[in-house]
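Novice: Structure file run19.csv (CSV, C-alpha atoms and all ligand atoms) is given on the next line.
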```csv
chain,number,residue,atom,x,y,z
M,1,MET,CA,80.1,-25.0,14.1
M,2,PRO,CA,84.0,-24.9,13.9
M,3,ARG,CA,85.4,-23.8,10.5
M,4,ALA,CA,88.4,-25.3,8.7
M,5,PHE,CA,90.3,-24.0,5.7
M,6,ILE,CA,92.4,-26.5,3.8
M,7,THR,CA,95.0,-25.8,1.1
M,8,GLY,CA,95.7,-28.8,-1.1
M,9,VAL,CA,92.1,-30.0,-0.6
M,10,THR,CA,92.2,-31.7,-4.0
M,11,GLY,CA,95.2,-33.9,-3.0
M,12,GLN,CA,95.3,-37.2,-1.2
M,13,ASP,CA,95.5,-35.8,2.3
M,14,GLY,CA,93.2,-32.9,1.6
M,15,GLN,CA,90.4,-35.4,0.6
M,16,HIS,CA,90.9,-37.5,3.7
M,17,LEU,CA,91.1,-34.5,6.0
M,18,ALA,CA,88.0,-32.9,4.5
M,19,GLU,CA,86.1,-36.1,5.0
M,20,PHE,CA,87.4,-36.4,8.6
M,21,LEU,CA,86.6,-32.8,9.6
M,22,HIS,CA,83.2,-32.9,8.0
M,23,GLY,CA,82.5,-36.1,10.1
M,24,LYS,CA,83.5,-34.0,13.2
M,25,GLY,CA,80.9,-31.3,12.3
M,26,TYR,CA,83.3,-28.7,10.8
M,27,GLU,CA,82.3,-26.3,8.0
M,28,VAL,CA,85.0,-27.1,5.5
M,29,PHE,CA,86.5,-24.6,3.0
M,30,GLY,CA,89.1,-25.7,0.4
M,31,LEU,CA,91.5,-23.5,-1.6
M,32,VAL,CA,91.3,-24.5,-5.3
M,33,LYS,CA,93.9,-23.1,-7.8
M,34,GLY,CA,93.5,-22.5,-11.5
M,35,GLN,CA,90.7,-21.2,-13.7
M,36,ASN,CA,89.4,-24.6,-14.7
M,37,ASN,CA,90.9,-27.1,-12.2
M,38,PRO,CA,90.1,-30.6,-13.6
M,39,ARG,CA,89.9,-32.0,-10.0
M,40,MET,CA,86.9,-29.7,-9.2
M,41,VAL,CA,84.4,-32.1,-10.9
M,42,GLN,CA,85.6,-35.0,-8.6
M,43,MET,CA,85.4,-32.6,-5.6
M,44,ARG,CA,81.9,-31.5,-6.4
M,45,ASP,CA,80.7,-35.2,-6.8
M,46,GLU,CA,82.5,-36.8,-3.9
M,47,PHE,CA,82.9,-33.9,-1.4
M,48,PRO,CA,79.8,-31.7,-1.9
M,49,TYR,CA,80.2,-30.3,1.6
M,50,VAL,CA,83.6,-28.7,0.7
M,51,GLN,CA,83.1,-25.0,-0.1
M,52,PRO,CA,85.7,-24.2,-2.8
M,53,VAL,CA,87.6,-20.9,-2.5
M,54,PRO,CA,89.8,-19.7,-5.4
M,55,GLY,CA,93.4,-18.9,-4.7
M,56,ASP,CA,97.0,-19.9,-5.1
M,57,LEU,CA,99.9,-20.4,-2.7
M,58,ALA,CA,102.0,-18.2,-5.1
M,59,ASP,CA,99.6,-15.3,-4.6
M,60,LEU,CA,99.4,-13.7,-1.2
M,61,PRO,CA,96.4,-11.4,-1.9
M,62,SER,CA,94.4,-14.5,-2.9
M,63,LEU,CA,95.3,-16.1,0.4
M,64,VAL,CA,94.2,-13.0,2.3
M,65,LYS,CA,90.9,-12.9,0.4
M,66,ALA,CA,90.3,-16.6,1.0
M,67,LEU,CA,90.8,-16.3,4.8
M,68,GLU,CA,88.7,-13.2,4.9
M,69,TYR,CA,85.9,-15.2,3.2
M,70,ALA,CA,86.3,-18.5,5.1
M,71,GLN,CA,87.1,-17.0,8.6
M,72,PRO,CA,88.4,-20.3,9.7
M,73,ASP,CA,89.3,-21.4,13.2
M,74,GLU,CA,91.9,-23.8,11.8
M,75,VAL,CA,94.0,-23.6,8.7
M,76,TYR,CA,95.6,-26.8,7.3
M,77,ASN,CA,98.4,-25.9,4.8
M,78,LEU,CA,98.7,-29.1,2.7
M,79,GLY,CA,99.2,-27.5,-0.7
M,80,ALA,CA,102.6,-28.1,-2.2
M,81,ILE,CA,104.5,-29.3,-5.2
M,82,SER,CA,104.8,-32.7,-3.4
M,83,PHE,CA,106.5,-35.1,-5.9
M,84,VAL,CA,110.2,-35.3,-5.0
M,85,ALA,CA,111.2,-36.4,-8.6
M,86,MET,CA,109.5,-33.4,-10.1
M,87,SER,CA,111.2,-31.0,-7.6
M,88,PHE,CA,114.6,-31.8,-9.3
M,89,ASN,CA,113.2,-30.6,-12.6
M,90,GLN,CA,111.2,-27.7,-11.3
M,91,ALA,CA,113.3,-26.6,-8.3
M,92,GLU,CA,112.3,-22.9,-8.5
M,93,LEU,CA,108.6,-23.7,-8.7
M,94,THR,CA,109.0,-26.1,-5.7
M,95,ALA,CA,110.8,-23.5,-3.6
M,96,ASN,CA,108.1,-21.0,-4.4
M,97,ILE,CA,105.0,-23.1,-3.6
M,98,THR,CA,106.3,-25.7,-1.1
M,99,GLY,CA,108.6,-23.2,0.7
M,100,LEU,CA,107.6,-19.6,0.2
M,101,GLY,CA,103.9,-20.7,0.1
M,102,VAL,CA,104.2,-21.4,3.8
M,103,LEU,CA,105.5,-17.9,4.5
M,104,ARG,CA,102.6,-16.4,2.5
M,105,MET,CA,100.1,-18.5,4.5
M,106,LEU,CA,101.6,-17.3,7.8
M,107,GLU,CA,101.5,-13.7,6.6
M,108,ALA,CA,97.9,-14.1,5.5
M,109,ILE,CA,97.0,-15.4,9.0
M,110,ARG,CA,98.7,-12.5,10.6
M,111,MET,CA,96.9,-10.0,8.4
M,112,VAL,CA,93.4,-11.6,8.7
M,113,GLY,CA,93.5,-13.7,11.8
M,114,GLY,CA,95.5,-11.5,14.1
M,115,ALA,CA,98.8,-12.3,15.6
M,116,SER,CA,98.0,-13.7,19.1
M,117,GLU,CA,97.4,-17.0,20.7
M,118,ASN,CA,93.7,-16.5,19.8
M,119,SER,CA,94.5,-16.3,16.1
M,120,MET,CA,93.6,-18.9,13.5
M,121,ARG,CA,95.5,-22.1,14.3
M,122,LEU,CA,97.8,-23.4,11.6
M,123,TYR,CA,98.9,-26.9,10.7
M,124,GLN,CA,101.9,-27.1,8.4
M,125,ALA,CA,102.6,-30.3,6.4
M,126,SER,CA,106.3,-30.9,7.0
M,127,SER,CA,107.9,-34.1,5.8
M,128,SER,CA,110.3,-36.8,6.7
M,129,GLU,CA,112.2,-35.9,3.4
M,130,MET,CA,113.7,-33.1,5.5
M,131,PHE,CA,115.8,-35.8,7.3
M,132,GLY,CA,117.2,-36.9,3.9
M,133,LYS,CA,120.7,-38.3,4.5
M,134,VAL,CA,119.7,-39.3,8.0
M,135,ARG,CA,121.9,-38.3,10.9
M,136,GLU,CA,120.4,-40.9,13.3
M,137,THR,CA,118.0,-43.8,13.2
M,138,PRO,CA,115.1,-43.7,14.0
M,139,GLN,CA,114.4,-40.0,13.3
M,140,THR,CA,112.7,-37.9,16.0
M,141,GLU,CA,111.6,-34.2,16.4
M,142,ARG,CA,115.2,-33.5,17.5
M,143,THR,CA,117.0,-35.2,14.6
M,144,PRO,CA,119.0,-32.6,12.5
M,145,PHE,CA,117.8,-32.1,8.9
M,146,HIS,CA,119.8,-32.9,5.8
M,147,PRO,CA,117.5,-32.7,2.9
M,148,ARG,CA,118.5,-34.4,-0.4
M,149,SER,CA,116.1,-32.8,-2.9
M,150,PRO,CA,114.7,-29.4,-3.7
M,151,TYR,CA,111.4,-30.6,-2.2
M,152,GLY,CA,113.2,-31.5,1.0
M,153,CYS,CA,115.0,-28.1,1.1
M,154,ALA,CA,111.7,-26.3,0.5
M,155,LYS,CA,110.0,-28.2,3.3
M,156,VAL,CA,112.9,-27.3,5.7
M,157,PHE,CA,112.3,-23.6,4.9
M,158,GLY,CA,108.5,-24.1,5.5
M,159,HIS,CA,109.2,-25.9,8.8
M,160,ASP,CA,111.7,-23.4,10.1
M,161,ILE,CA,109.6,-20.4,9.2
M,162,VAL,CA,106.6,-21.9,11.1
M,163,VAL,CA,108.8,-22.3,14.2
M,164,ASN,CA,110.1,-18.7,13.7
M,165,TYR,CA,106.6,-17.2,13.4
M,166,ARG,CA,105.4,-19.2,16.4
M,167,GLU,CA,108.3,-17.8,18.5
M,168,SER,CA,108.2,-14.3,17.1
M,169,TYR,CA,104.5,-13.6,16.9
M,170,ASN,CA,103.0,-16.1,19.3
M,171,LEU,CA,101.0,-17.8,16.6
M,172,PHE,CA,99.4,-21.1,17.2
M,173,ALA,CA,101.3,-22.9,14.5
M,174,CYS,CA,102.3,-26.6,14.4
M,175,SER,CA,104.3,-28.7,12.0
M,176,GLY,CA,103.6,-32.4,11.6
M,177,ILE,CA,106.7,-34.2,10.4
M,178,LEU,CA,104.8,-36.9,8.5
M,179,PHE,CA,106.6,-39.9,7.1
M,180,ASN,CA,105.3,-41.4,3.9
M,181,HIS,CA,101.5,-42.1,3.9
M,182,GLU,CA,99.6,-43.7,1.1
M,183,GLY,CA,96.2,-45.1,0.1
M,184,PRO,CA,93.9,-45.5,-2.9
M,185,ARG,CA,93.7,-41.8,-3.3
M,186,ARG,CA,97.5,-41.4,-3.8
M,187,GLY,CA,98.5,-39.9,-7.1
M,188,LEU,CA,99.5,-42.3,-9.8
M,189,GLU,CA,103.0,-40.7,-10.1
M,190,PHE,CA,104.0,-41.8,-6.5
M,191,VAL,CA,105.8,-45.2,-6.3
M,192,THR,CA,103.3,-47.0,-4.1
M,193,ARG,CA,100.4,-46.2,-6.3
M,194,LYS,CA,102.4,-46.7,-9.5
M,195,VAL,CA,103.2,-50.2,-8.2
M,196,THR,CA,99.7,-51.2,-7.0
M,197,ASN,CA,98.1,-49.8,-10.2
M,198,SER,CA,100.6,-51.4,-12.5
M,199,VAL,CA,100.2,-54.8,-10.7
M,200,ALA,CA,96.4,-54.5,-11.1
M,201,ARG,CA,96.8,-53.7,-14.8
M,202,ILE,CA,99.3,-56.6,-15.3
M,203,LYS,CA,96.8,-59.0,-13.7
M,204,LEU,CA,94.1,-57.7,-16.0
M,205,GLY,CA,96.3,-58.1,-19.1
M,206,LEU,CA,96.4,-54.3,-19.7
M,207,GLN,CA,100.1,-53.8,-19.1
M,208,LYS,CA,103.3,-56.0,-19.5
M,209,GLU,CA,105.8,-54.6,-17.0
M,210,ILE,CA,106.6,-51.9,-14.4
M,211,VAL,CA,109.6,-49.7,-14.9
M,212,LEU,CA,111.1,-48.5,-11.6
M,213,GLY,CA,114.3,-46.8,-10.2
M,214,ASN,CA,116.0,-47.8,-7.0
M,215,LEU,CA,114.5,-50.9,-5.4
M,216,ASP,CA,116.6,-50.7,-2.2
M,217,SER,CA,115.3,-47.4,-0.7
M,218,LYS,CA,113.5,-48.0,2.5
M,219,ARG,CA,110.5,-46.0,3.8
M,220,ASP,CA,108.3,-45.9,6.8
M,221,TRP,CA,104.9,-46.2,5.1
M,222,GLY,CA,101.5,-45.5,6.8
M,223,TYR,CA,97.9,-45.0,5.8
M,224,ALA,CA,96.8,-41.4,4.9
M,225,GLY,CA,93.4,-41.9,6.7
M,226,ASP,CA,95.3,-42.5,10.0
M,227,TYR,CA,97.7,-39.6,9.5
M,228,VAL,CA,95.1,-36.8,9.0
M,229,LYS,CA,93.7,-37.5,12.5
M,230,ALA,CA,97.1,-36.6,13.9
M,231,MET,CA,96.9,-33.2,12.0
M,232,TRP,CA,93.7,-32.4,13.8
M,233,LEU,CA,94.9,-33.7,17.2
M,234,MET,CA,97.9,-31.3,17.0
M,235,LEU,CA,95.5,-28.3,16.7
M,236,GLN,CA,93.4,-29.3,19.7
M,237,ARG,CA,96.3,-29.0,22.1
M,238,ASP,CA,96.7,-26.1,24.6
M,239,GLN,CA,100.2,-25.3,23.2
M,240,PRO,CA,101.5,-25.5,19.6
M,241,ASP,CA,104.3,-27.9,19.0
M,242,ASP,CA,105.8,-30.1,16.3
M,243,TYR,CA,105.3,-33.9,16.1
M,244,VAL,CA,106.8,-36.8,14.1
M,245,ILE,CA,104.0,-39.0,12.7
M,246,ALA,CA,105.2,-42.5,11.6
M,247,THR,CA,104.6,-46.2,12.0
M,248,GLY,CA,108.1,-47.1,13.3
M,249,GLU,CA,108.4,-49.8,10.7
M,250,THR,CA,110.3,-49.7,7.4
M,251,TYR,CA,110.0,-51.6,4.1
M,252,SER,CA,112.0,-51.4,0.9
M,253,ILE,CA,110.6,-50.7,-2.5
M,254,GLU,CA,111.4,-54.3,-3.4
M,255,GLU,CA,109.3,-55.5,-0.6
M,256,LEU,CA,106.5,-53.2,-1.7
M,257,VAL,CA,106.6,-54.8,-5.2
M,258,LYS,CA,106.7,-58.3,-3.8
M,259,PHE,CA,103.7,-57.7,-1.5
M,260,ALA,CA,101.7,-56.1,-4.3
M,261,PHE,CA,102.3,-59.0,-6.8
M,262,ALA,CA,101.6,-61.6,-4.1
M,263,GLU,CA,98.1,-59.9,-3.7
M,264,VAL,CA,97.2,-60.9,-7.2
M,265,GLY,CA,98.8,-64.4,-6.9
M,266,ILE,CA,102.0,-63.6,-8.9
M,267,GLU,CA,105.2,-65.0,-7.3
M,268,ASN,CA,107.7,-64.5,-10.2
M,269,TRP,CA,107.5,-60.7,-9.9
M,270,ARG,CA,111.0,-60.2,-11.2
M,271,ASP,CA,109.8,-61.2,-14.7
M,272,TYR,CA,107.5,-58.1,-14.7
M,273,VAL,CA,109.9,-55.5,-13.2
M,274,ARG,CA,112.5,-53.5,-15.1
M,275,GLN,CA,114.9,-50.9,-13.7
M,276,ASP,CA,115.7,-47.8,-15.6
M,277,PRO,CA,118.4,-45.3,-14.5
M,278,LYS,CA,116.1,-42.4,-15.6
M,279,PHE,CA,114.0,-43.1,-12.4
M,280,PHE,CA,117.0,-42.9,-10.1
M,281,ARG,CA,117.3,-39.6,-8.2
M,282,PRO,CA,120.4,-37.3,-8.4
M,283,ALA,CA,120.7,-37.7,-4.6
M,284,GLU,CA,118.9,-40.6,-2.9
M,285,VAL,CA,117.3,-40.9,0.5
M,286,ASP,CA,118.2,-44.5,1.5
M,287,LEU,CA,116.4,-45.1,4.8
M,288,LEU,CA,113.6,-43.4,6.7
M,289,ILE,CA,112.1,-44.7,9.9
M,290,GLY,CA,110.3,-42.5,12.4
M,291,ASP,CA,110.0,-42.5,16.1
M,292,SER,CA,106.5,-41.1,16.9
M,293,THR,CA,106.7,-41.6,20.7
M,294,LYS,CA,105.9,-37.9,21.4
M,295,ALA,CA,102.7,-38.0,19.3
M,296,ARG,CA,101.7,-41.3,20.8
M,297,THR,CA,102.2,-39.9,24.4
M,298,GLU,CA,101.0,-36.4,24.0
M,299,LEU,CA,98.3,-36.7,21.3
M,300,GLY,CA,97.2,-40.2,22.0
M,301,TRP,CA,97.7,-41.0,18.3
M,302,LYS,CA,98.7,-44.3,16.8
M,303,PRO,CA,98.5,-45.8,13.4
M,304,GLU,CA,95.7,-48.4,12.8
M,305,VAL,CA,96.7,-49.8,9.3
M,306,ASP,CA,99.9,-51.7,8.9
M,307,PHE,CA,101.9,-51.9,5.7
M,308,PRO,CA,100.7,-55.3,4.4
M,309,THR,CA,97.0,-54.2,5.0
M,310,LEU,CA,97.7,-50.9,3.2
M,311,ILE,CA,99.1,-52.6,0.1
M,312,LYS,CA,96.2,-55.1,0.1
M,313,MET,CA,93.7,-52.2,0.3
M,314,MET,CA,95.5,-50.3,-2.6
M,315,VAL,CA,95.7,-53.4,-4.9
M,316,ALA,CA,92.0,-54.2,-4.3
M,317,HIS,CA,91.1,-50.6,-5.1
M,318,ASP,CA,93.2,-50.6,-8.3
M,319,LEU,CA,91.8,-53.9,-9.5
M,320,LYS,CA,88.3,-52.4,-9.3
M,321,PHE,CA,89.4,-49.0,-10.6
M,322,GLU,CA,91.0,-50.6,-13.7
M,323,SER,CA,88.2,-53.2,-14.3
M,324,ASP,CA,85.5,-50.5,-14.1
M,325,LYS,CA,87.3,-48.6,-16.9
M,326,ILE,CA,87.2,-51.6,-19.3
M,327,ARG,CA,83.5,-52.5,-18.6
M,401,LIG,P1,99.2,-34.2,-3.2
M,401,LIG,O1,98.2,-35.3,-3.3
M,401,LIG,O2,100.3,-34.1,-4.2
M,401,LIG,O3,98.4,-32.8,-3.1
M,401,LIG,C1,99.1,-31.6,-3.3
M,401,LIG,C2,98.0,-30.5,-3.3
M,401,LIG,O4,98.7,-29.2,-3.4
M,401,LIG,C3,97.0,-30.6,-4.4
M,401,LIG,O5,95.7,-30.3,-3.9
M,401,LIG,C4,97.4,-29.4,-5.3
M,401,LIG,O6,96.4,-28.8,-6.0
M,401,LIG,C5,97.9,-28.4,-4.3
M,401,LIG,N1,98.7,-27.4,-4.9
M,401,LIG,C6,99.8,-27.5,-5.7
M,401,LIG,N2,100.3,-26.3,-6.1
M,401,LIG,C7,99.5,-25.4,-5.5
M,401,LIG,C8,99.5,-24.0,-5.5
M,401,LIG,N3,100.3,-23.3,-6.3
M,401,LIG,N4,98.5,-23.3,-4.8
M,401,LIG,C9,97.6,-24.1,-4.0
M,401,LIG,N5,97.6,-25.4,-4.0
M,401,LIG,C10,98.5,-26.1,-4.7
M,401,LIG,O7,99.9,-34.3,-1.7
M,401,LIG,P2,99.5,-35.1,-0.4
M,401,LIG,O8,100.1,-36.4,-0.5
M,401,LIG,O9,98.0,-34.9,-0.2
M,401,LIG,O10,100.3,-34.3,0.7
M,401,LIG,C11,99.8,-33.2,1.4
M,401,LIG,C12,100.9,-32.4,2.0
M,401,LIG,O11,101.6,-33.2,2.9
M,401,LIG,C13,101.9,-31.8,1.0
M,401,LIG,O12,102.4,-30.6,1.4
M,401,LIG,C14,103.0,-32.9,1.0
M,401,LIG,O13,104.2,-32.3,0.6
M,401,LIG,C15,103.0,-33.2,2.5
M,401,LIG,N6,103.5,-34.5,2.8
M,401,LIG,C16,103.0,-35.6,2.2
M,401,LIG,C17,103.5,-36.9,2.6
M,401,LIG,C18,102.9,-38.1,1.9
M,401,LIG,O14,103.5,-39.2,2.1
M,401,LIG,N7,101.7,-38.1,1.3
M,401,LIG,C19,104.4,-37.0,3.6
M,401,LIG,C20,104.9,-35.9,4.2
M,401,LIG,C21,104.4,-34.6,3.8
M,401,LIG,P3,95.9,-29.3,-7.6
M,401,LIG,O15,95.2,-30.6,-7.3
M,401,LIG,O16,95.1,-28.3,-8.1
M,401,LIG,O17,97.2,-29.5,-8.3
```
Spell out the structure here as structure tokens.

Specialist:
Amino acid sequence: MPRAFITGVTGQDGQHLAEFLHGKGYEVFGLVKGQNNPRMVQMRDEFPYVQPVPGDLADLPSLVKALEYAQPDEVYNLGAISFVAMSFNQAELTANITGLGVLRMLEAIRMVGGASENSMRLYQASSSEMFGKVRETPQTERTPFHPRSPYGCAKVFGHDIVVNYRESYNLFACSGILFNHEGPRRGLEFVTRKVTNSVARIKLGLQKEIVLGNLDSKRDWGYAGDYVKAMWLMLQRDQPDDYVIATGETYSIEELVKFAFAEVGIENWRDYVRQDPKFFRPAEVDLLIGDSTKARTELGWKPEVDFPTLIKMMVAHDLKFESDKIR
């Protein structure tokens, strides 16, 4: 039975990945931080097959102990401060967890897993936010980085240190440069879920308006369930490498809002949306669109769920989620 260790197992991608790997027959271990993590109850109920292991990406000895205990074949480093807006307010924390956390994970693998091509394989969750103020469109594995947030800067460090350790110590370490991916498990703070959840609440009479920032930003949005398959595929290759994972289509936040309201039969969506400068970022990323040709060719990966289907899925989920709460 292959063994996988996931940091960030309580997050959106961690949940999808745990489900996917369990379905493939893996024994799944998940790093859980804090002494009374509120998401543990949900994990125990919905993912009883995940074996929780205590630890924190800020604490190297805890990562070493976790790997000694789990003895994984594959390590998926998904743990991060992942909310771009929060990274502007807590830049040092973001650099520590999202950036230095990757270095700690690599060191823990070298200490416990051995530094050779037979060591534990590592997947690092890199991000399209590293492209930031984009130098070319669409973005590929060779597009230079120009991050526009502390989160993006921390991800660039994480990405570069993975490449450096791969080249220096012969580690099997891959980075997936994933463009935005969403779904019903997305945290309520992220704009897609904020919109689909607010639309559901407006439809049910529980909320009057949605307050948003920039409606013009464009993102390449895919479905998280599709994207975790790419993470696994990267670790099954003979050689480690980095891959862009994206749909190749881009939609604005305004289009997201329009699609979501249309799902509940509301056409005059502007009546329910207010913009507030407090939600604008100090430095914006205007347009992201990825070219995933390399992943499609070498990994045989392609996205299954398109953007309209994704929004339909999220609105349907949030209508049920909010209705169940008032029953
Ligand atoms: P998420 O839902 O925000 O999950 C983040 C996870 O990180 C949570 O499980 C959280 O644990 C954990 N974490 C936070 N601080 C930690 C610490 N100090 N030690 C250990 N774990 C810690 O993020 P996601 O959407 O699943 O994304 C997964 C990864 O992919 C992240 O690295 C993210 O930056 C990256 N990424 C995401 C996207 C996207 O569109 N979703 C795109 C590109 C890259 P708690 O639950 O205990 O707080």

Novice: As number ranges by chain, please: the residues near segment 33-41 of chain M (cut-off 7 Å, only C-alpha atoms, same-chain neighbours under 6 positions excluded).

Specialist: M: 10, 54-56

Novice: Which one is closest to Leu256 of chain M: M:Val195, M:Met314, M:Ala224, M:Asp306? Count only C-alpha atoms.

Specialist: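 Smallest separation from Leu256 of chain M among the options: M:Val195.
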
Novice: For Ile109 of chain M, find every residue with an atom within 9 Å (counting all atoms listed in the file), except residues of its own chain fewer than 5 positions away, and show them as a PDB file with C-alpha atoms, in the frame of the given file.

Specialist:
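The new file around.pdb reads:
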```pdb
ATOM      1  CA  LEU M  63      95.300 -16.100   0.400  1.00  0.00           C
ATOM      2  CA  VAL M  64      94.200 -13.000   2.300  1.00  0.00           C
ATOM      3  CA  LEU M  67      90.800 -16.300   4.800  1.00  0.00           C
ATOM      4  CA  VAL M  75      94.000 -23.600   8.700  1.00  0.00           C
ATOM      5  CA  ARG M 104     102.600 -16.400   2.500  1.00  0.00           C
ATOM      6  CA  GLY M 114      95.500 -11.500  14.100  1.00  0.00           C
ATOM      7  CA  ALA M 115      98.800 -12.300  15.600  1.00  0.00           C
ATOM      8  CA  SER M 119      94.500 -16.300  16.100  1.00  0.00           C
ATOM      9  CA  MET M 120      93.600 -18.900  13.500  1.00  0.00           C
ATOM     10  CA  ARG M 121      95.500 -22.100  14.300  1.00  0.00           C
ATOM     11  CA  LEU M 122      97.800 -23.400  11.600  1.00  0.00           C
ATOM     12  CA  LEU M 171     101.000 -17.800  16.600  1.00  0.00           C
TER      13      LEU M 171
END
```

Novice: Given only C-alpha atoms and all ligand atoms as the basis, pick out the residue of M:Gln139, M:Phe29, M:Tyr169, M:Gly222 nearest to ligand LIG 401 (chain M).

Specialist: M:Gly222

Novice: Can you pull out every residue within 9 Å of Phe259 of chain M, counting all atoms listed in the file, but drop anything in the same chain fewer than 6 positions away, and send it as a ChimeraX atom specification?

Specialist: /M:308,311-312

Novice: Name the residues, by chain letter and number, that sit within 7 Å of ligand LIG 401 (chain M) using all atoms listed in the file, and give them as a PyMOL selection string.

Specialist: chain M and resi 7-14+31-34+37+39+55-58+78-83+97-98+125-128+177-182+186-187+224

Novice: Could you please determine the separation between atom CA of Pro52 of chain M and atom CA of Gly101 of chain M in Å, to one decimal place?

Specialist: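 Interatomic distance, atom CA of Pro52 of chain M to atom CA of Gly101 of chain M: 18.8 Å.
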
Novice: Which neighbours of Tyr272 of chain M fall inside 10 Å, counting only C-alpha atoms, when residues of the same chain fewer than 6 positions from it are skipped, and could you give them as a list of chain:residue names?

Specialist: M:Ser198, M:Val199, M:Ile202, M:Gln207, M:Lys208, M:Glu209, M:Ile210, M:Val211, M:Phe261, M:Ile266

Novice: Per residue of segment 233-261 of chain M within 12 Å of segment 147-161 of chain M, note the shortest atom pair and the distance in Å to one decimal, counting only C-alpha atoms, and order the rows by chain and increasing residue number, as a tab-separated table.

Specialist:
```
residue	atom	partner	partner_atom	distance
M:Asp241	CA	M:His159	CA	11.5
M:Asp242	CA	M:His159	CA	9.2
M:Tyr243	CA	M:His159	CA	11.5
```

Novice: Would you list the residues near (84.5, -25.4, 8.6) (no more than 7 Å away, in the coordinates of the file, using only C-alpha atoms) as a list of chain:residue names?

Specialist: M:Pro2, M:Arg3, M:Ala4, M:Phe5, M:Tyr26, M:Glu27, M:Val28, M:Phe29, M:Pro72

Novice: What gap, in Å, lies between atom CA of Arg44 of chain M and atom CA of His16 of chain M?

Specialist: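 So the answer is 14.8 Å.
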
Novice: Choose the residue, out of M:Glu129, M:Asp45, M:Asp291, M:Glu284, that has the smallest atom-to-atom separation from Glu249 of chain M; count only C-alpha atoms.

Specialist: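 Selected residue with least distance to Glu249 of chain M: M:Asp291.
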
Novice: Model the absent atoms of segment 10-25 of chain M so that N, CA and C atoms are present, and write the result as an mmCIF file, in the frame of the given file.

Specialist:
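As written to disk, out_6.cif reads:
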```cif
data_model
loop_
_atom_site.group_PDB
_atom_site.id
_atom_site.type_symbol
_atom_site.label_atom_id
_atom_site.label_comp_id
_atom_site.auth_asym_id
_atom_site.auth_seq_id
_atom_site.Cartn_x
_atom_site.Cartn_y
_atom_site.Cartn_z
ATOM 1 N N THR M 10 92.374 -30.769 -2.907
ATOM 2 C CA THR M 10 92.200 -31.700 -4.000
ATOM 3 C C THR M 10 93.159 -32.877 -3.974
ATOM 4 N N GLY M 11 94.168 -32.809 -3.099
ATOM 5 C CA GLY M 11 95.200 -33.900 -3.000
ATOM 6 C C GLY M 11 94.740 -35.020 -2.144
ATOM 7 N N GLN M 12 95.637 -36.001 -2.027
ATOM 8 C CA GLN M 12 95.300 -37.200 -1.200
ATOM 9 C C GLN M 12 94.917 -36.814 0.223
ATOM 10 N N ASP M 13 95.786 -36.097 0.915
ATOM 11 C CA ASP M 13 95.500 -35.800 2.300
ATOM 12 C C ASP M 13 94.368 -34.829 2.478
ATOM 13 N N GLY M 14 94.262 -33.872 1.542
ATOM 14 C CA GLY M 14 93.200 -32.900 1.600
ATOM 15 C C GLY M 14 91.822 -33.600 1.570
ATOM 16 N N GLN M 15 91.698 -34.624 0.715
ATOM 17 C CA GLN M 15 90.400 -35.400 0.600
ATOM 18 C C GLN M 15 90.128 -36.101 1.923
ATOM 19 N N HIS M 16 91.147 -36.794 2.449
ATOM 20 C CA HIS M 16 90.900 -37.500 3.700
ATOM 21 C C HIS M 16 90.590 -36.554 4.846
ATOM 22 N N LEU M 17 91.299 -35.420 4.876
ATOM 23 C CA LEU M 17 91.100 -34.500 6.000
ATOM 24 C C LEU M 17 89.706 -33.826 5.877
ATOM 25 N N ALA M 18 89.288 -33.471 4.646
ATOM 26 C CA ALA M 18 88.000 -32.900 4.500
ATOM 27 C C ALA M 18 86.889 -33.823 4.976
ATOM 28 N N GLU M 19 87.018 -35.092 4.615
ATOM 29 C CA GLU M 19 86.100 -36.100 5.000
ATOM 30 C C GLU M 19 86.056 -36.223 6.574
ATOM 31 N N PHE M 20 87.254 -36.247 7.164
ATOM 32 C CA PHE M 20 87.400 -36.400 8.600
ATOM 33 C C PHE M 20 86.779 -35.202 9.348
ATOM 34 N N LEU M 21 87.105 -33.985 8.892
ATOM 35 C CA LEU M 21 86.600 -32.800 9.600
ATOM 36 C C LEU M 21 85.100 -32.635 9.400
ATOM 37 N N HIS M 22 84.605 -32.979 8.212
ATOM 38 C CA HIS M 22 83.200 -32.900 8.000
ATOM 39 C C HIS M 22 82.464 -33.888 8.975
ATOM 40 N N GLY M 23 83.047 -35.080 9.155
ATOM 41 C CA GLY M 23 82.500 -36.100 10.100
ATOM 42 C C GLY M 23 82.521 -35.521 11.545
ATOM 43 N N LYS M 24 83.413 -34.588 11.829
ATOM 44 C CA LYS M 24 83.500 -34.000 13.200
ATOM 45 C C LYS M 24 82.597 -32.769 13.301
ATOM 46 N N GLY M 25 81.861 -32.449 12.248
ATOM 47 C CA GLY M 25 80.900 -31.300 12.300
ATOM 48 C C GLY M 25 81.503 -29.986 11.909
#
```
